[in-house]
Structure formats: C-alpha cells, structure tokens
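Colleague: If it helps, the file is called start30.cif and holds mmCIF, C-alpha atoms and all ligand atoms:
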data_upload
loop_
_atom_site.label_atom_id
_atom_site.label_comp_id
_atom_site.auth_asym_id
_atom_site.auth_seq_id
_atom_site.Cartn_x
_atom_site.Cartn_y
_atom_site.Cartn_z
CA MET A 178 0.00 0.00 0.00
CA GLY A 179 1.41 3.39 -0.95
CA ILE A 180 0.25 6.84 -0.03
CA THR A 181 -3.53 6.79 0.08
CA LEU A 182 -4.21 10.52 0.15
CA LYS A 183 -5.46 11.35 -3.31
CA TYR A 184 -6.03 14.82 -4.71
CA ILE A 185 -9.49 15.21 -6.15
CA GLU A 186 -11.76 18.00 -7.32
CA GLY A 187 -11.06 21.43 -5.87
CA ASN A 188 -8.71 21.46 -2.95
CA ASP A 189 -10.04 18.46 -1.11
CA PHE A 190 -8.03 15.41 -0.37
CA ILE A 191 -9.80 12.13 -0.03
CA MET A 192 -8.34 9.09 1.54
CA GLU A 193 -8.69 5.75 -0.11
CA VAL A 194 -9.90 3.40 2.56
CA ARG A 195 -9.61 -0.34 1.98
CA VAL A 196 -12.38 -2.38 3.59
CA GLU A 197 -11.93 -5.90 4.90
CA LYS A 198 -15.31 -7.14 6.08
CA ASN A 199 -15.60 -9.00 9.37
CA PRO A 200 -16.39 -12.64 8.46
CA ASN A 201 -18.15 -13.15 11.82
CA PRO A 202 -20.35 -10.11 12.42
CA LYS A 203 -22.23 -9.96 15.72
CA LYS A 204 -25.86 -9.02 16.17
CA PRO A 205 -26.19 -5.31 17.04
CA LEU A 206 -27.63 -4.68 20.51
CA THR A 207 -31.26 -3.62 20.81
CA GLY A 208 -32.24 -0.53 22.82
CA GLU A 209 -33.44 -2.87 25.56
CA GLU A 210 -30.08 -4.68 25.71
CA LEU A 211 -28.21 -1.37 25.64
CA SER A 212 -30.00 -0.15 28.76
CA LYS A 213 -28.24 -2.95 30.66
CA VAL A 214 -24.64 -2.46 29.51
CA SER A 215 -22.16 0.06 30.93
CA PHE A 216 -20.74 2.89 28.82
CA GLY A 217 -17.97 1.83 26.44
CA THR A 218 -17.98 -1.92 27.00
CA VAL A 219 -19.50 -3.17 23.74
CA PHE A 220 -17.85 -2.59 20.35
CA THR A 221 -18.98 -2.99 16.76
CA ASP A 222 -17.63 -5.34 14.07
CA HIS A 223 -15.02 -3.05 12.51
CA MET A 224 -12.33 -0.50 13.31
CA LEU A 225 -10.43 2.04 11.26
CA LEU A 226 -6.62 2.08 11.20
CA ILE A 227 -4.31 4.56 9.44
CA ASP A 228 -0.53 4.42 9.65
CA TYR A 229 1.93 7.27 9.72
CA THR A 230 5.63 7.10 9.12
CA LYS A 231 7.97 10.04 8.91
CA GLY A 232 8.73 10.90 5.31
CA LYS A 233 5.76 8.96 4.00
CA GLY A 234 2.93 10.67 5.86
CA TRP A 235 -0.44 9.10 6.68
CA HIS A 236 -1.05 6.00 4.57
CA ASP A 237 -2.72 2.61 4.35
CA ALA A 238 -6.14 3.61 5.68
CA ARG A 239 -8.14 0.45 6.25
CA ILE A 240 -11.37 -0.69 7.85
CA VAL A 241 -10.75 -4.13 9.30
CA PRO A 242 -12.47 -6.54 11.71
CA TYR A 243 -12.44 -5.17 15.28
CA GLY A 244 -9.69 -6.83 17.30
CA PRO A 245 -6.51 -6.44 19.36
CA LEU A 246 -3.60 -4.30 18.17
CA ALA A 247 -0.30 -6.18 18.26
CA LEU A 248 2.28 -3.84 19.83
CA ASP A 249 5.92 -4.43 20.64
CA PRO A 250 6.39 -4.04 24.43
CA ALA A 251 8.86 -1.22 23.71
CA THR A 252 6.27 0.80 21.73
CA CYS A 253 6.89 4.35 22.97
CA CYS A 254 3.28 5.31 23.84
CA LEU A 255 3.21 2.52 26.44
CA HIS A 256 6.05 4.22 28.31
CA TYR A 257 5.78 7.96 27.75
CA GLY A 258 2.12 8.45 26.98
CA GLN A 259 2.24 10.08 23.57
CA LEU A 260 -1.43 9.41 23.09
CA ILE A 261 -4.47 11.55 22.26
CA PHE A 262 -8.13 10.83 21.67
CA GLU A 263 -11.48 12.28 20.66
CA GLY A 264 -15.09 11.46 21.47
CA LEU A 265 -18.20 12.18 19.42
CA LYS A 266 -21.49 10.51 18.61
CA ALA A 267 -23.51 9.25 15.66
CA TYR A 268 -27.30 9.24 15.86
CA LYS A 269 -30.17 7.67 13.97
CA ALA A 270 -32.58 10.30 12.60
CA PRO A 271 -36.35 9.61 12.56
CA ASP A 272 -36.15 9.11 8.76
CA GLY A 273 -33.42 6.47 9.14
CA ARG A 274 -30.44 8.65 8.18
CA VAL A 275 -27.29 8.36 10.27
CA VAL A 276 -25.73 11.67 11.33
CA MET A 277 -22.83 12.91 13.45
CA PHE A 278 -22.81 16.09 15.54
CA ARG A 279 -20.17 18.72 14.58
CA PRO A 280 -17.45 16.15 13.77
CA ASP A 281 -15.36 18.85 12.03
CA GLN A 282 -14.87 20.38 15.50
CA ASN A 283 -13.48 17.13 16.84
CA MET A 284 -11.09 16.80 13.91
CA SER A 285 -9.73 20.31 14.38
CA ARG A 286 -9.41 19.79 18.13
CA MET A 287 -7.55 16.58 17.40
CA ASN A 288 -5.01 18.59 15.44
CA GLU A 289 -4.66 21.03 18.37
CA SER A 290 -3.91 18.03 20.59
CA CYS A 291 -1.45 16.66 17.97
CA GLU A 292 0.38 19.97 17.93
CA ARG A 293 0.82 20.02 21.71
CA MET A 294 1.86 16.36 21.93
CA CYS A 295 4.29 16.35 18.95
CA ILE A 296 2.04 13.98 17.01
CA ALA A 297 1.82 14.18 13.21
CA LYS A 298 -1.17 16.29 12.16
CA ILE A 299 -4.04 14.69 10.30
CA ASP A 300 -5.81 15.91 7.18
CA GLU A 301 -9.07 16.87 8.93
CA LYS A 302 -11.46 16.45 6.01
CA ALA A 303 -9.97 13.23 4.69
CA THR A 304 -9.77 11.69 8.16
CA LEU A 305 -13.35 12.68 8.91
CA GLU A 306 -14.46 11.01 5.68
CA ALA A 307 -12.60 7.85 6.70
CA VAL A 308 -14.31 7.90 10.12
CA ALA A 309 -17.67 8.43 8.40
CA LYS A 310 -16.94 5.42 6.22
CA LEU A 311 -16.35 3.32 9.33
CA VAL A 312 -19.69 4.48 10.75
CA ARG A 313 -21.35 3.64 7.41
CA THR A 314 -19.77 0.19 7.49
CA ASP A 315 -21.27 -0.46 10.94
CA ALA A 316 -24.43 1.63 10.39
CA ASP A 317 -26.59 -1.27 11.64
CA TRP A 318 -25.05 -0.62 15.06
CA VAL A 319 -26.42 2.92 15.37
CA PRO A 320 -29.27 2.40 17.84
CA ASP A 321 -32.56 4.27 17.49
CA ALA A 322 -34.14 3.98 20.96
CA PRO A 323 -34.55 7.36 22.71
CA GLY A 324 -31.31 8.61 24.29
CA THR A 325 -29.13 5.99 22.60
CA SER A 326 -26.30 6.65 20.14
CA LEU A 327 -23.13 5.22 18.66
CA TYR A 328 -20.09 6.61 20.47
CA VAL A 329 -17.15 7.23 18.13
CA ARG A 330 -13.66 7.10 19.64
CA PRO A 331 -10.82 8.18 17.33
CA PHE A 332 -7.33 8.10 18.86
CA ILE A 333 -3.67 8.34 17.89
CA ILE A 334 -0.75 6.57 19.53
CA GLY A 335 3.00 6.98 19.12
CA SER A 336 3.98 3.62 17.66
CA GLU A 337 7.75 3.76 17.26
CA VAL A 338 9.62 1.01 19.11
CA PHE A 339 12.27 2.55 21.36
CA LEU A 340 12.97 3.39 25.00
CA GLY A 341 14.23 6.94 24.70
CA VAL A 342 12.40 10.18 25.30
CA HIS A 343 11.78 11.87 21.98
CA PRO A 344 8.72 12.25 19.76
CA SER A 345 7.71 9.09 17.96
CA ARG A 346 8.50 8.92 14.25
CA SER A 347 5.53 6.69 13.53
CA PHE A 348 1.91 6.79 14.65
CA ILE A 349 -1.27 4.77 14.40
CA PHE A 350 -4.60 6.53 14.02
CA ALA A 351 -7.46 4.28 15.07
CA ALA A 352 -11.21 4.71 15.43
CA ILE A 353 -13.54 2.33 17.25
CA LEU A 354 -17.31 2.46 17.77
CA SER A 355 -19.39 1.65 20.83
CA PRO A 356 -23.19 1.68 21.01
CA VAL A 357 -24.31 3.48 24.18
CA GLY A 358 -27.58 3.63 26.09
CA ALA A 359 -29.21 6.71 27.59
CA TYR A 360 -26.77 8.48 29.94
CA PHE A 361 -29.48 9.20 32.48
CA LYS A 362 -31.71 6.17 32.68
CA ASP A 363 -34.52 7.90 34.63
CA GLY A 364 -34.42 11.33 33.00
CA LEU A 365 -31.97 14.13 33.76
CA LYS A 366 -30.81 13.64 37.32
CA PRO A 367 -28.79 16.40 39.03
CA VAL A 368 -25.38 15.21 40.24
CA LYS A 369 -23.37 15.89 43.40
CA ILE A 370 -19.91 17.36 42.88
CA TYR A 371 -17.20 18.59 45.22
CA VAL A 372 -14.53 21.20 44.68
CA GLU A 373 -11.12 19.53 44.60
CA ASP A 374 -8.61 21.34 46.81
CA LYS A 375 -5.93 18.70 47.19
CA TYR A 376 -4.99 17.62 43.66
CA VAL A 377 -4.66 19.53 40.39
CA ARG A 378 -5.39 18.24 36.89
CA ALA A 379 -3.67 20.80 34.70
CA VAL A 380 -1.78 24.08 34.81
CA ARG A 381 -1.34 26.83 32.25
CA GLY A 382 1.49 25.83 29.95
CA GLY A 383 0.68 22.16 30.54
CA THR A 384 -1.58 19.90 28.53
CA GLY A 385 -5.03 20.73 29.95
CA PHE A 386 -6.41 22.00 26.62
CA ALA A 387 -5.28 18.86 24.78
CA LYS A 388 -7.39 15.69 24.87
CA CYS A 389 -4.45 13.55 25.91
CA ALA A 390 -4.55 10.36 27.93
CA GLY A 391 -2.17 11.67 30.60
CA ASN A 392 -4.68 14.29 31.77
CA TYR A 393 -7.05 11.50 32.66
CA ALA A 394 -4.38 9.42 34.37
CA ALA A 395 -3.61 12.47 36.54
CA SER A 396 -7.27 12.79 37.54
CA LEU A 397 -8.00 9.17 38.56
CA LYS A 398 -6.91 9.51 42.19
CA SER A 399 -9.15 12.47 42.78
CA GLN A 400 -12.06 10.77 41.02
CA GLU A 401 -11.62 7.68 43.17
CA GLU A 402 -11.71 9.71 46.38
CA ALA A 403 -14.76 11.64 45.18
CA GLU A 404 -16.68 8.44 44.48
CA ALA A 405 -15.71 6.99 47.86
CA ALA A 406 -17.15 10.13 49.48
CA GLY A 407 -20.45 9.78 47.57
CA TYR A 408 -19.82 12.36 44.84
CA SER A 409 -19.99 11.64 41.13
CA GLN A 410 -17.24 14.05 39.98
CA VAL A 411 -14.91 16.80 41.16
CA LEU A 412 -14.72 20.42 40.09
CA TRP A 413 -11.16 21.48 39.32
CA LEU A 414 -9.86 24.90 40.29
CA ASP A 415 -6.91 26.53 38.51
CA GLY A 416 -3.72 24.70 39.42
CA VAL A 417 -1.74 27.78 40.51
CA GLU A 418 -3.91 29.96 42.75
CA ARG A 419 -6.62 27.37 43.36
CA ARG A 420 -9.12 30.19 43.10
CA TYR A 421 -10.67 30.11 39.66
CA ILE A 422 -13.18 27.54 38.49
CA GLU A 423 -11.95 25.46 35.54
CA GLU A 424 -13.96 22.34 34.68
CA VAL A 425 -15.33 19.02 35.87
CA GLY A 426 -13.80 15.57 35.19
CA GLY A 427 -14.60 15.13 31.50
CA MET A 428 -17.07 18.00 31.25
CA ASN A 429 -17.10 21.81 31.10
CA ILE A 430 -19.13 23.86 33.56
CA PHE A 431 -21.72 26.64 33.36
CA PHE A 432 -23.65 28.71 35.91
CA VAL A 433 -26.63 31.00 35.66
CA ILE A 434 -25.83 34.02 37.84
CA ASP A 435 -28.22 36.93 38.02
CA GLY A 436 -29.81 35.83 34.74
CA THR A 437 -26.47 35.62 32.86
CA VAL A 438 -25.08 32.31 31.64
CA VAL A 439 -21.44 32.20 32.76
CA THR A 440 -18.64 29.79 31.88
CA PRO A 441 -14.89 29.96 32.65
CA GLU A 442 -12.88 31.44 29.77
CA LEU A 443 -10.39 29.19 28.00
CA ASN A 444 -6.94 29.67 29.47
CA GLY A 445 -4.86 26.75 28.25
CA SER A 446 -5.71 24.41 31.09
CA ILE A 447 -9.39 23.91 30.23
CA LEU A 448 -10.49 21.49 27.53
CA PRO A 449 -12.41 23.40 24.82
CA GLY A 450 -15.55 21.25 24.64
CA VAL A 451 -17.65 21.05 21.50
CA THR A 452 -20.75 20.93 23.70
CA ARG A 453 -19.47 24.01 25.58
CA LYS A 454 -19.09 25.89 22.31
CA SER A 455 -22.55 24.78 21.13
CA VAL A 456 -24.14 25.89 24.41
CA MET A 457 -22.55 29.34 24.12
CA GLU A 458 -23.68 29.70 20.51
CA LEU A 459 -27.25 28.67 21.39
CA VAL A 460 -27.49 30.96 24.43
CA ARG A 461 -26.29 33.89 22.31
CA SER A 462 -28.80 33.02 19.58
CA TRP A 463 -31.56 33.18 22.20
CA ASP A 464 -30.51 36.73 23.10
CA MET A 465 -29.76 35.62 26.61
CA PRO A 466 -26.75 37.26 28.29
CA MET A 467 -23.71 34.99 27.94
CA SER A 468 -20.38 35.65 29.61
CA GLU A 469 -17.14 33.76 29.10
CA ARG A 470 -14.79 34.96 31.83
CA LYS A 471 -12.76 34.13 34.91
CA ILE A 472 -14.97 33.13 37.79
CA SER A 473 -13.60 32.46 41.24
CA ILE A 474 -15.10 29.92 43.57
CA GLN A 475 -15.50 32.74 46.14
CA GLU A 476 -17.54 34.78 43.65
CA LEU A 477 -19.78 31.79 43.09
CA ALA A 478 -20.18 31.23 46.84
CA ASP A 479 -21.08 34.91 47.32
CA ALA A 480 -23.58 34.85 44.44
CA HIS A 481 -25.07 31.67 45.86
CA LYS A 482 -25.40 33.22 49.31
CA ALA A 483 -27.14 36.24 47.80
CA GLY A 484 -29.59 33.93 46.05
CA LYS A 485 -28.31 34.92 42.60
CA ALA A 486 -26.84 31.59 41.42
CA SER A 487 -29.92 29.87 40.06
CA GLU A 488 -28.39 27.04 38.00
CA ALA A 489 -25.22 25.02 37.60
CA PHE A 490 -24.65 22.39 34.93
CA CYS A 491 -21.92 20.49 33.10
CA THR A 492 -21.59 19.92 29.36
CA GLY A 493 -19.94 17.13 27.39
CA THR A 494 -20.56 14.68 24.58
CA ALA A 495 -21.48 11.75 26.85
CA ALA A 496 -24.25 13.38 28.92
CA VAL A 497 -24.78 16.52 26.76
CA ILE A 498 -26.12 18.52 29.74
CA SER A 499 -25.68 17.29 33.29
CA PRO A 500 -27.34 19.48 35.94
CA ILE A 501 -25.49 19.96 39.23
CA GLY A 502 -27.79 19.58 42.22
CA GLU A 503 -25.18 20.03 44.90
CA LEU A 504 -21.70 21.56 44.91
CA LYS A 505 -19.52 21.25 48.02
CA TRP A 506 -16.58 23.60 48.66
CA LYS A 507 -14.83 22.95 51.96
CA ASP A 508 -17.68 23.18 54.50
CA LEU A 509 -20.05 25.05 52.24
CA VAL A 510 -22.74 23.04 50.46
CA MET A 511 -24.40 24.92 47.62
CA THR A 512 -27.59 23.59 46.13
CA PHE A 513 -28.99 24.88 42.87
CA ASN A 514 -32.64 25.15 41.83
CA GLU A 515 -33.61 23.00 44.84
CA GLY A 516 -31.70 20.06 43.43
CA ARG A 517 -33.79 19.90 40.27
CA ILE A 518 -32.85 20.67 36.67
CA GLY A 519 -33.22 24.38 35.93
CA PRO A 520 -35.01 26.01 32.98
CA VAL A 521 -31.85 27.02 31.08
CA ALA A 522 -30.27 23.56 31.38
CA ALA A 523 -33.54 21.88 30.37
CA ARG A 524 -33.98 24.12 27.32
CA LEU A 525 -30.37 23.52 26.23
CA TYR A 526 -30.72 19.78 26.67
CA ASP A 527 -33.91 19.66 24.58
CA GLU A 528 -32.49 21.88 21.86
CA ILE A 529 -29.11 20.14 21.52
CA THR A 530 -30.43 16.58 21.68
CA GLY A 531 -33.22 17.64 19.28
CA ILE A 532 -30.67 18.90 16.74
CA GLN A 533 -28.41 15.86 17.24
CA THR A 534 -31.21 13.43 16.48
CA CYS A 535 -32.69 15.56 13.67
CA ALA A 536 -35.94 15.97 15.63
CA LYS A 537 -35.37 19.75 15.53
CA PRO A 538 -34.24 21.98 12.64
CA ASP A 539 -30.47 22.34 12.26
CA LYS A 540 -30.21 26.13 11.88
CA PHE A 541 -26.47 26.20 12.48
CA GLY A 542 -25.41 23.44 10.07
CA TRP A 543 -24.11 21.27 12.91
CA VAL A 544 -25.41 17.97 11.59
CA TYR A 545 -23.10 15.93 9.34
CA GLU A 546 -24.82 13.28 7.27
CA VAL A 547 -23.06 9.92 7.24
CA LYS A 548 -25.67 7.82 5.52
C1 LIG B 601 -13.82 15.74 26.19
C2 LIG B 601 -13.76 16.62 27.40
C3 LIG B 601 -14.73 17.61 27.68
C4 LIG B 601 -16.00 17.77 26.88
O1 LIG B 601 -15.81 18.04 25.54
P1 LIG B 601 -16.97 17.75 24.48
O2 LIG B 601 -16.33 18.07 23.19
O3 LIG B 601 -18.10 18.67 24.81
O4 LIG B 601 -17.35 16.33 24.63
C5 LIG B 601 -14.53 18.43 28.77
N1 LIG B 601 -13.46 18.28 29.58
C6 LIG B 601 -12.53 17.33 29.37
C7 LIG B 601 -11.38 17.22 30.29
C8 LIG B 601 -12.65 16.47 28.27
O5 LIG B 601 -11.72 15.54 28.07
#
Written as structure tokens, how would this file's structure read?

Modeller:
Amino acid sequence: MGITLKYIEGNDFIMEVRVEKNPNPKKPLTGEELSKVSFGTVFTDHMLLIDYTKGKGWHDARIVPYGPLALDPATCCLHYGQLIFEGLKAYKAPDGRVVMFRPDQNMSRMNESCERMCIAKIDEKATLEAVAKLVRTDADWVPDAPGTSLYVRPFIIGSEVFLGVHPSRSFIFAAILSPVGAYFKDGLKPVKIYVEDKYVRAVRGGTGFAKCAGNYAASLKSQEEAEAAGYSQVLWLDGVERRYIEEVGGMNIFFVIDGTVVTPELNGSILPGVTRKSVMELVRSWDMPMSERKISIQELADAHKAGKASEAFCTGTAAVISPIGELKWKDLVMTFNEGRIGPVAARLYDEITGIQTCAKPDKFGWVYEVK
C-alpha cells in the first residue's frame, strides 16, 4: 500500500480506505439490551486504522475486523504516553439517516492536541471522511431507541519502538465504535460534585487544553476519592492559585448568575468542549446574556449566598447537559434550583439533543450526514 491521500476536485483530499469485512459479524444490541450495559464496553464489528511514518505521511487507511492491536512491548506510547483521543457521537434520525454532531470540530481539536503532543497532524477532512466510512460500514449498530447513540472514539498513539524520550517517528490513528444507552436512565438527574482542593489536573502551559490520555491518568486519584465520598465528579480549580473555576472531570461547567449564563474562559488548562461551544452559541442566539470569563469559587459562593446563582450544569458529549444539584466547597454546600434541573439547562438539553437526532431543525449546520 502506498500513499492513500489522493487529490481530487477542488482542494479536497480524499483518503482511499480499503475495507476488509468482518467474516463473523455480531448481532447489534437492541435498545433494551443497551440499557443494561455500561458505557464503552461493547464494540462494533469493525475498526479504522491509518498508519503514519515520517517521510511517508499518513497512509494505508483500512477498515478491518475489530480486534486487538499487536504492539511491541517497547512501543513508545506505552512508556511515555504520547497518546491523544477524541469522542463524538452518531445518531439515527427519525427518517433512518445516520448523522454525526459537529465532527469537524473534533477533527480540528484533534489537530490542536497533535500539535501540543508532537504527534503528526491529520488531514481533517480526509480523516473525517474515513471515520464516516467506518460508521457507514457499521451503520446497523447505530441504535434508534430514545437517548441511545453510537459513540465514536478516534485516537492516535506513538507507535515507534524505542525506549528513549523523543517524539515518535511513527503513529497509528485508530477509530472504534461503541453503542451506548441513555446516559441518564430515569431522566436528567442532578449530580453531586465537590470542589477539589488537594490535587490539580492541569496548569497553564501544561496539557489541559489537549485531549491527551495523561490528563485523565492524573485525575484518577481524585475521582476515586470523590466516588468513595459519595460524589460523582470533582470540580477542578486553577492549578496555581486554586481560586478560579476550571472544569469538571470530563465536562465543562456553566452557571446561571443573576440571569447571565457564565462559563470559565479558556486559558490553556481547560479542555475546549464542542458541547461548551454549542451551548454558548445557542445561548447567544436566544438573546440571553452569555459571559465567558474568569470566575472564582468565592464569587460563586457569594452569588449563591445572595440567592443569585440559580443554576449550575456540566456539558460534554457523553451526557450533553448534566445538571449539578449540589456543589460542596470545603464546608459550604451549595444547592442549585432546589436540586432539580433548571429552565436554562432543560432548554439547552432539549435543543441540543433535538438537533443531534434531527428531531429539531439544524439552523447552524451542525449535523453531518453519514448515511
Ligand atoms: C472531552 C472533554 C470535555 C468535553 O468536551 P466535548 O467536546 O463537549 O465532549 C470536557 N473536559 C474534558 C477534560 C474532556 O476531556
């Protein structure tokens, strides 16, 4: 196999993707079966692989039967963590079409992560087309029961075999698919979160804005302690002053303060969520005040005390909108909207999930048709 990026009409590259069908396909899970499996534990029949070698570029794109990757034990990503990923979803529209939500955003964010982690950049359009082809190949796996979707996980690993610290000269791009059930099985349920004051996840100048595996490894200890204490996630403060609110586990955070929707501004240590961006664009389109700025935990506590903090919610691909019922900071327990989902969070949830599933008009051109 040679270089598979081919120049076609206009300025677009398209990648030739070889398909090797799985000789033993499984039966896709029904909505009923999906409600019983945990997130990310069931995978479809195929995966996408693309190789990169220095001098040759990305090549040999192929859709092959899902299965283990054979890696030499000295493969560099296993030792130094040169590894990034993305997460997005494909949905079944009422008319049977299969669509993805703003996948171009994930591809460009992937390149931002590549840049930070010294990983070879991808051709965003061509790679997206290859991912779409994988989803088309396993289109039978896109569930249609309410709240269900097909989770798409593209990732890139440094694949050179050596035990020295320098950027890998070869990479593997892979994408796998996992059908997922409704995130909240009994409707949107507000979560309990505490403010982390012992550990930090990221600092400015670090890798917080990149979707790299190491950020998650650094957060596991805190997550484990939070769960043991009866909380579902932690809220990270900035790693230097421990004053400013950053984000939650794998989700961004928003508040409604005095009628204004507020979210922490991007500063290099916050992951720029696609859901976060979509929420801001929707709020602005509704002519509701929207403010992207620094917000200290003390300011939030003061606003809460004054009765001005009416809602708090998280945003991310997995849950879309996750209302926060209770937020604990040291000895202070803040509850929002009496522990129920607030009107802004509810409206955002309905609008975004409506657009994602094609039940509502796509005014912004966010929906990408796969099939
Ligand atoms: C992926 C991720 C998010 C959410 O991003 P979306 O694009 O909205 O899914 C937020 N924070 C972190 C740390 C993440 O890894």

Colleague: Quick one, how far is atom CA of A:Thr207 from atom CA of A:Met428?

Modeller: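 A separation of 27.9 Å between them.
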
Colleague: With distances taken over only C-alpha atoms, which residue among A:Asp317, A:Asp435, A:Glu423, A:Asp272 lies nearest A:Ile447?

Modeller: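 Closest residue, counting only C-alpha atoms: A:Glu423.
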
Colleague: Using all atoms listed in the file for the distances, tell me which of A:Arg517, A:Lys310, A:Lys398, A:Arg286 is nearest to ligand LIG 601 (chain B).

Modeller: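 The shortest atom-to-atom distance to ligand LIG 601 (chain B) comes from A:Arg286.
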
Colleague: Produce the centre coordinates and the three edge lengths, each in Å to one decimal, of the box along x, y and z that contains all listed atoms of ligand LIG 601 (chain B) with 8 Å added on each side, as lines of an AutoDock Vina configuration file.

Modeller:
center_x = -14.7
center_y = 17.1
center_z = 26.7
size_x = 22.7
size_y = 19.1
size_z = 23.1

Colleague: Quick one: of A:Ile472, A:Leu260, A:Met467, A:Ala352, who's nearest to A:Tyr393, counting only C-alpha atoms?

Modeller: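 Nearest candidate to A:Tyr393 out of A:Ile472, A:Leu260, A:Met467, A:Ala352: A:Leu260.
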
Colleague: So that I can see what lies close to A:Ala486, please list as a ChimeraX atom specification the residues with an atom at most 12 Å from it, counting all atoms listed in the file and leaving out residues fewer than 5 positions away in the same chain.

Modeller: /A:431-439,476-481,501,504,511-515,519

Colleague: Once you count all atoms listed in the file, which residues end up within 8 Å of ligand LIG 601 (chain B), and could you hand them over as a PyMOL selection string?

Modeller: chain A and resi 263-265+283+385-389+392-393+424-429+447-454+492-495+497

Colleague: Could you tell me, as a PDB file with C-alpha atoms, in the frame of the given file, which residues have any atom at most 9 Å from (-20.3, 15.6, 39.6), counting all atoms listed in the file?

Modeller:
ATOM      1  CA  PRO A 367     -28.790  16.400  39.030  1.00  0.00           C
ATOM      2  CA  VAL A 368     -25.380  15.210  40.240  1.00  0.00           C
ATOM      3  CA  LYS A 369     -23.370  15.890  43.400  1.00  0.00           C
ATOM      4  CA  ILE A 370     -19.910  17.360  42.880  1.00  0.00           C
ATOM      5  CA  TYR A 371     -17.200  18.590  45.220  1.00  0.00           C
ATOM      6  CA  ALA A 403     -14.760  11.640  45.180  1.00  0.00           C
ATOM      7  CA  TYR A 408     -19.820  12.360  44.840  1.00  0.00           C
ATOM      8  CA  SER A 409     -19.990  11.640  41.130  1.00  0.00           C
ATOM      9  CA  GLN A 410     -17.240  14.050  39.980  1.00  0.00           C
ATOM     10  CA  VAL A 411     -14.910  16.800  41.160  1.00  0.00           C
ATOM     11  CA  LEU A 412     -14.720  20.420  40.090  1.00  0.00           C
ATOM     12  CA  VAL A 425     -15.330  19.020  35.870  1.00  0.00           C
ATOM     13  CA  GLY A 426     -13.800  15.570  35.190  1.00  0.00           C
ATOM     14  CA  CYS A 491     -21.920  20.490  33.100  1.00  0.00           C
ATOM     15  CA  SER A 499     -25.680  17.290  33.290  1.00  0.00           C
ATOM     16  CA  PRO A 500     -27.340  19.480  35.940  1.00  0.00           C
ATOM     17  CA  ILE A 501     -25.490  19.960  39.230  1.00  0.00           C
ATOM     18  CA  GLY A 502     -27.790  19.580  42.220  1.00  0.00           C
ATOM     19  CA  GLU A 503     -25.180  20.030  44.900  1.00  0.00           C
ATOM     20  CA  LEU A 504     -21.700  21.560  44.910  1.00  0.00           C
TER      21      LEU A 504
END

Colleague: Find the distance between atom CA of A:Glu458 and atom CA of A:Ile333 and write it in Å to one decimal.

Modeller: 29.4 Å

Colleague: List every protein, DNA or RNA residue that has an atom no more than 8 Å from (10.9, 3.4, 30.3) in the file's coordinate frame, counting all atoms listed in the file, and report them as a list in words.

Modeller: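 Collected hits near the coordinates: His256, Tyr257, Leu340 and Gly341 of chain A.
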
Colleague: Just give me the gap between atom CA of A:Ala522 and atom CA of A:Glu488 in Å, one decimal is fine.

Modeller: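 Spanning atom CA of A:Ala522 to atom CA of A:Glu488 is a straight-line distance of 7.7 Å.
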
Colleague: Pick out the closest residue to A:Lys482 from this set: A:Glu418, A:Val510, A:Val219, A:Leu459. Count all atoms listed in the file.

Modeller: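 Using all atoms listed in the file, A:Lys482 sits closest to A:Val510.
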
Colleague: Name the closest residue to A:Arg470 among the candidates A:Glu546, A:Asp321, A:Glu442, A:Asp374; distances are taken between atoms, counting only C-alpha atoms.

Modeller: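 Residue with the minimum atom-to-atom distance to A:Arg470: A:Glu442.
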
Colleague: Got a sec: who's within 12 Å of A:Asp527, counting all atoms listed in the file, leaving out chain neighbours fewer than 2 positions off, as a list in words?

Modeller: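 The neighbour list is Gly324, Gly364, Leu365, Val456, Leu459, Val497, Ile498, Pro520, Val521, Ala522, Ala523, Arg524, Leu525, Ile529, Thr530, Gly531, Ile532, Gln533, Thr534, Cys535, Ala536 and Lys537 of chain A.
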
Colleague: Compare A:Phe361, A:Tyr376, A:Trp413, A:Trp463 by their minimum atom-to-atom distance to A:Phe216, counting all atoms listed in the file, and give me the closest one.

Modeller: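 Of all the options, A:Phe361 lies closest to A:Phe216.
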
Colleague: Excluding A:Leu327 and its own-chain neighbours fewer than 6 positions away, which residues fall within 9 Å of it when counting all atoms listed in the file? Please give them as a PDB file with C-alpha atoms, in the coordinates of the input.

Modeller:
ATOM      1  CA  LEU A 265     -18.200  12.180  19.420  1.00  0.00           C
ATOM      2  CA  LYS A 266     -21.490  10.510  18.610  1.00  0.00           C
ATOM      3  CA  ALA A 267     -23.510   9.250  15.660  1.00  0.00           C
ATOM      4  CA  TYR A 268     -27.300   9.240  15.860  1.00  0.00           C
ATOM      5  CA  LYS A 269     -30.170   7.670  13.970  1.00  0.00           C
ATOM      6  CA  VAL A 312     -19.690   4.480  10.750  1.00  0.00           C
ATOM      7  CA  TRP A 318     -25.050  -0.620  15.060  1.00  0.00           C
ATOM      8  CA  VAL A 319     -26.420   2.920  15.370  1.00  0.00           C
ATOM      9  CA  PRO A 320     -29.270   2.400  17.840  1.00  0.00           C
ATOM     10  CA  LEU A 354     -17.310   2.460  17.770  1.00  0.00           C
ATOM     11  CA  SER A 355     -19.390   1.650  20.830  1.00  0.00           C
ATOM     12  CA  PRO A 356     -23.190   1.680  21.010  1.00  0.00           C
ATOM     13  CA  VAL A 357     -24.310   3.480  24.180  1.00  0.00           C
ATOM     14  CA  GLY A 358     -27.580   3.630  26.090  1.00  0.00           C
TER      15      GLY A 358
END

Colleague: Excluding A:Gly383 and its own-chain neighbours fewer than 5 positions away, which residues fall within 12 Å of it when counting all atoms listed in the file? Please give them as a list of chain:residue names.

Modeller: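 Near neighbours after the sequence-gap exclusion: A:Ser290, A:Arg293, A:Met294, A:Val377, A:Arg378, A:Lys388, A:Cys389, A:Gly391, A:Asn392, A:Asp415, A:Gly416, A:Val417, A:Asn444, A:Gly445, A:Ser446, A:Ile447, A:Leu448.
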